[in-house]
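Enquirer: The structure under discussion is supplied below as structure tokens; questions concerning it will follow.
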Amino acid sequence: MGFATSLSASLKTDRRYLTGLCGGANVRTPLGARHVDILHPGDMVVTRDNGLQPVRMIWTRTVTAAEMRERPELAPVRLKPRAVGPMMPVRDLRIACGHRALIPGYRISGVADEQSCLMRVGALAEASDQAFVDPGTDSVTYYNLIFDNQEVFCAEGLPVESFRPSPKAIAEMDVTTREELMEIFPHISPKRCAYPGLPHPTAQARAYRPDCA
């Protein structure tokens, strides 16, 4: 069971909870790379921590060109090839500024090289010439994959998080979408987070070191 649903982003969208991959981004599956916009609920995706996992829901949200002109922070961040590290990403990746990627420790101040941390990609756009806000000229649709638990999966070779329906993230949804989400995940509450998070530490934007490779 599963479904895909959509929502147009309102001007009240909190950039911290604006997440998702732009259409055309390749996601690693057991059948090879597949564009995120042609995935369906039930499709299997390769995850970092828990092997193959089925997509339970795909939530899409669209931001119009007019909204991006009024609020540039709603535009996607474009990561150039190798912006984060070797093969990370392997080609241009457009992703929402609030989405978090798993960044290798050698790019984070005060973190051991072998330790990876979650960091919002908006931080990369503020620190590196290889990442920048890219509003384009048209509307953009963000695709959020939801699994039974929050997972890390690869988009263009870069490990990124799946959507976590926390109370604040759920608040960004319209009523219909929220009800449909809770139909699939009845244990989720809009008041407390009963949805497991990731076993990876987080890092602040100011700790990012774009000059280290």
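Following the order of the structure tokens, chains are lettered A, B, ..., residues in each are numbered from 1, and ligands are numbered from 1.
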Just the residues within 8 Å of Ala25 of chain A, please, counting only C-alpha atoms, with nothing from its chain fewer than 6 positions along; format it as JSON, numbers by chain.
Expert: {"A": [34, 35, 36, 37, 93, 94, 155, 156]}
Enquirer: Excluding Thr29 of chain A and its own-chain neighbours fewer than 3 positions away, which residues fall within 10 Å of it when counting only C-alpha atoms? Please give them as a VMD selection string.
Expert: chain A and resid 26 32 to 35 39 43 to 47 52 to 53 153 to 154
Enquirer: So, counting only C-alpha atoms, which residue among A:Met57, A:Val152, A:Ile170, A:Leu102 is closest to Gly197 of chain A?
Expert: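 Counting only C-alpha atoms, the residue closest to Gly197 of chain A is A:Val152.
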Enquirer: Between A:Gly51, A:Pro159, A:Gly85, A:Gly24, single out the one closest to Ile38 of chain A, counting only C-alpha atoms.
Expert: A:Gly24
Enquirer: Can you build me a table of segment 98-152 of chain A residues sitting at most 10 Å from segment 69-75 of chain A, with the closest atom pair per residue and its distance in Å to one decimal, using only C-alpha atoms, sorted by chain and residue number, as a Markdown table?
Expert:
```
| residue | atom | partner | partner_atom | distance |
| --- | --- | --- | --- | --- |
| A:Gly98 | CA | A:Leu74 | CA | 9.2 |
| A:Gly122 | CA | A:Glu73 | CA | 8.8 |
| A:Val133 | CA | A:Ala75 | CA | 6.4 |
| A:Asp134 | CA | A:Ala75 | CA | 6.2 |
| A:Pro135 | CA | A:Ala75 | CA | 4.8 |
| A:Gly136 | CA | A:Ala75 | CA | 8.2 |
| A:Thr137 | CA | A:Arg69 | CA | 9.4 |
| A:Ser139 | CA | A:Ala75 | CA | 9.1 |
| A:Val140 | CA | A:Ala75 | CA | 7.8 |
```
Enquirer: For Arg120 of chain A, find every residue with an atom within 12 Å (counting only C-alpha atoms), except residues of its own chain fewer than 2 positions away, and show them as JSON, numbers by chain.
Expert: {"A": [15, 16, 17, 18, 19, 20, 77, 95, 96, 97, 98, 99, 100, 101, 102, 103, 117, 118, 122, 123, 124, 125, 126, 127, 160, 161, 202, 203, 204, 205, 206, 207, 208]}
Enquirer: Could you save those same residues with N, CA, C and O atoms as a compact mmCIF listing (two decimals), in the first residue's frame?
Expert:
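Output saved as out.txt:
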```txt
# COMPACT_ATOMS: atom_id res chain seq x y z
N ARG A 15 11.83 27.42 5.44
CA ARG A 15 12.90 26.88 4.61
C ARG A 15 13.59 25.69 5.25
O ARG A 15 14.14 24.82 4.56
N ARG A 16 13.57 25.60 6.59
CA ARG A 16 14.20 24.47 7.26
C ARG A 16 13.48 23.17 6.94
O ARG A 16 14.06 22.09 7.05
N TYR A 17 12.21 23.26 6.57
CA TYR A 17 11.43 22.06 6.30
C TYR A 17 11.05 21.97 4.82
O TYR A 17 10.19 21.18 4.46
N LEU A 18 11.73 22.76 3.99
CA LEU A 18 11.57 22.64 2.55
C LEU A 18 12.58 21.60 2.08
O LEU A 18 13.78 21.86 2.00
N THR A 19 12.11 20.40 1.82
CA THR A 19 12.99 19.29 1.50
C THR A 19 12.58 18.66 0.19
O THR A 19 11.51 18.91 -0.35
N GLY A 20 13.45 17.81 -0.33
CA GLY A 20 13.11 17.05 -1.52
C GLY A 20 14.14 17.18 -2.62
O GLY A 20 14.94 18.12 -2.65
N VAL A 77 18.98 24.26 -4.40
CA VAL A 77 20.43 24.41 -4.42
C VAL A 77 20.95 23.44 -5.48
O VAL A 77 20.54 22.29 -5.55
N ILE A 95 18.50 20.19 -5.31
CA ILE A 95 17.90 19.68 -4.09
C ILE A 95 17.44 20.86 -3.24
O ILE A 95 18.03 21.94 -3.29
N ALA A 96 16.37 20.67 -2.47
CA ALA A 96 15.85 21.75 -1.63
C ALA A 96 16.87 22.14 -0.57
O ALA A 96 17.61 21.32 -0.05
N CYS A 97 16.88 23.43 -0.23
CA CYS A 97 17.91 23.95 0.69
C CYS A 97 17.81 23.35 2.09
O CYS A 97 18.81 23.26 2.80
N GLY A 98 16.61 22.92 2.51
CA GLY A 98 16.45 22.35 3.84
C GLY A 98 16.75 20.88 3.93
O GLY A 98 16.76 20.31 5.02
N HIS A 99 17.01 20.24 2.78
CA HIS A 99 17.29 18.81 2.77
C HIS A 99 18.69 18.58 3.33
O HIS A 99 19.60 19.36 3.09
N ARG A 100 18.86 17.48 4.07
CA ARG A 100 20.16 17.19 4.65
C ARG A 100 20.88 16.08 3.88
O ARG A 100 20.26 15.11 3.43
N ALA A 101 22.18 16.26 3.75
CA ALA A 101 23.05 15.25 3.14
C ALA A 101 24.00 14.73 4.21
O ALA A 101 24.26 15.41 5.22
N LEU A 102 24.52 13.54 4.00
CA LEU A 102 25.49 12.96 4.92
C LEU A 102 26.88 13.36 4.43
O LEU A 102 27.37 12.86 3.42
N ILE A 103 27.49 14.30 5.16
CA ILE A 103 28.74 14.91 4.74
C ILE A 103 29.92 14.20 5.40
O ILE A 103 29.92 13.97 6.62
N CYS A 117 28.43 13.32 9.06
CA CYS A 117 27.39 14.05 9.78
C CYS A 117 26.35 14.59 8.81
O CYS A 117 26.65 14.91 7.66
N LEU A 118 25.13 14.69 9.30
CA LEU A 118 24.05 15.28 8.51
C LEU A 118 24.16 16.80 8.54
O LEU A 118 24.39 17.39 9.59
N GLY A 122 21.71 23.81 2.22
CA GLY A 122 21.78 25.26 2.15
C GLY A 122 23.09 25.79 2.68
O GLY A 122 23.58 26.84 2.22
N ALA A 123 23.68 25.07 3.64
CA ALA A 123 24.97 25.48 4.21
C ALA A 123 26.07 25.40 3.17
O ALA A 123 27.00 26.22 3.16
N LEU A 124 25.98 24.43 2.27
CA LEU A 124 26.99 24.27 1.25
C LEU A 124 26.95 25.45 0.28
O LEU A 124 27.99 25.94 -0.18
N ALA A 125 25.74 25.90 -0.04
CA ALA A 125 25.59 27.02 -0.97
C ALA A 125 26.16 28.30 -0.40
O ALA A 125 26.57 29.20 -1.14
N GLU A 126 26.18 28.40 0.93
CA GLU A 126 26.71 29.59 1.57
C GLU A 126 28.23 29.57 1.69
O GLU A 126 28.85 30.61 1.91
N ALA A 127 28.83 28.37 1.52
CA ALA A 127 30.27 28.24 1.80
C ALA A 127 31.12 27.85 0.60
O ALA A 127 32.32 28.06 0.61
N VAL A 160 21.84 11.11 1.01
CA VAL A 160 20.90 12.12 1.49
C VAL A 160 19.84 11.44 2.35
O VAL A 160 19.63 10.22 2.26
N GLU A 161 19.16 12.22 3.17
CA GLU A 161 18.13 11.68 4.04
C GLU A 161 16.81 11.53 3.30
O GLU A 161 16.52 12.25 2.35
N THR A 202 24.43 15.32 13.70
CA THR A 202 24.24 16.48 12.84
C THR A 202 25.38 17.46 13.04
O THR A 202 26.06 17.44 14.07
N ALA A 203 25.59 18.31 12.06
CA ALA A 203 26.64 19.32 12.14
C ALA A 203 26.07 20.67 11.74
O ALA A 203 25.16 20.75 10.90
N GLN A 204 26.58 21.73 12.35
CA GLN A 204 26.14 23.08 12.05
C GLN A 204 26.77 23.58 10.77
O GLN A 204 27.88 23.18 10.39
N ALA A 205 26.08 24.51 10.11
CA ALA A 205 26.55 25.05 8.84
C ALA A 205 27.93 25.68 8.95
O ALA A 205 28.76 25.56 8.06
N ARG A 206 28.19 26.36 10.05
CA ARG A 206 29.45 27.07 10.20
C ARG A 206 30.65 26.13 10.26
O ARG A 206 31.81 26.57 10.12
N ALA A 207 30.42 24.83 10.47
CA ALA A 207 31.53 23.87 10.57
C ALA A 207 31.97 23.34 9.21
O ALA A 207 32.99 22.63 9.12
N TYR A 208 31.26 23.68 8.15
CA TYR A 208 31.58 23.13 6.83
C TYR A 208 32.89 23.70 6.30
O TYR A 208 33.13 24.90 6.38
```
Enquirer: Using DSSP secondary structure from the backbone, list all strand (DSSP E or B) positions within segment 14-154 of chain A, as a ChimeraX atom specification.
Expert: /A:21-22,26-29,32-35,44-47,51-54,57-63,77-79,85,88,93-95,100-103,108,117-120,131-133,140-146,152-154
Enquirer: At what distance in Å, to one decimal, does atom CA of Ser162 of chain A lie from atom CA of Asn50 of chain A?
Expert: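 Result for atom CA of Asn50 of chain A versus atom CA of Ser162 of chain A: 12.7 Å, one decimal.
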Enquirer: Between atom CA of Arg82 of chain A and atom CA of Gln130 of chain A, what is the distance, to one decimal in Å?
Expert: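 Result for atom CA of Arg82 of chain A versus atom CA of Gln130 of chain A: 8.1 Å, one decimal.
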Enquirer: Restricting the calculation to only C-alpha atoms, which member of A:Val84, A:Val90, A:Leu181, A:Ser166 is positioned closest to Gly105 of chain A?
Expert: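 Looking only at the distances to Gly105 of chain A, the closest residue turns out to be A:Val84.
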Enquirer: Mind the document's chain letters and residue numbers, and return as a ChimeraX atom specification the residues of segment 41-72 of chain A that DSSP labels helix (DSSP H, G or I).
Expert: /A:65-70,72
Enquirer: Selected residues, N, CA and C atoms, written as a compact mmCIF listing (two decimals), in the first residue's frame, please.
Expert:
```txt
# COMPACT_ATOMS: atom_id res chain seq x y z
N ALA A 65 7.60 29.80 -10.02
CA ALA A 65 8.63 30.79 -10.33
C ALA A 65 8.36 32.10 -9.60
N ALA A 66 7.08 32.47 -9.51
CA ALA A 66 6.72 33.71 -8.82
C ALA A 66 7.07 33.63 -7.34
N GLU A 67 6.83 32.48 -6.72
CA GLU A 67 7.16 32.30 -5.31
C GLU A 67 8.67 32.38 -5.09
N MET A 68 9.43 31.82 -6.02
CA MET A 68 10.89 31.88 -5.88
C MET A 68 11.42 33.29 -6.08
N ARG A 69 10.78 34.06 -6.95
CA ARG A 69 11.20 35.45 -7.11
C ARG A 69 10.96 36.24 -5.84
N GLU A 70 9.84 35.96 -5.19
CA GLU A 70 9.50 36.67 -3.96
C GLU A 70 10.32 36.17 -2.78
N PRO A 72 13.61 33.90 -2.58
CA PRO A 72 14.67 33.12 -3.24
C PRO A 72 15.09 31.88 -2.46
```
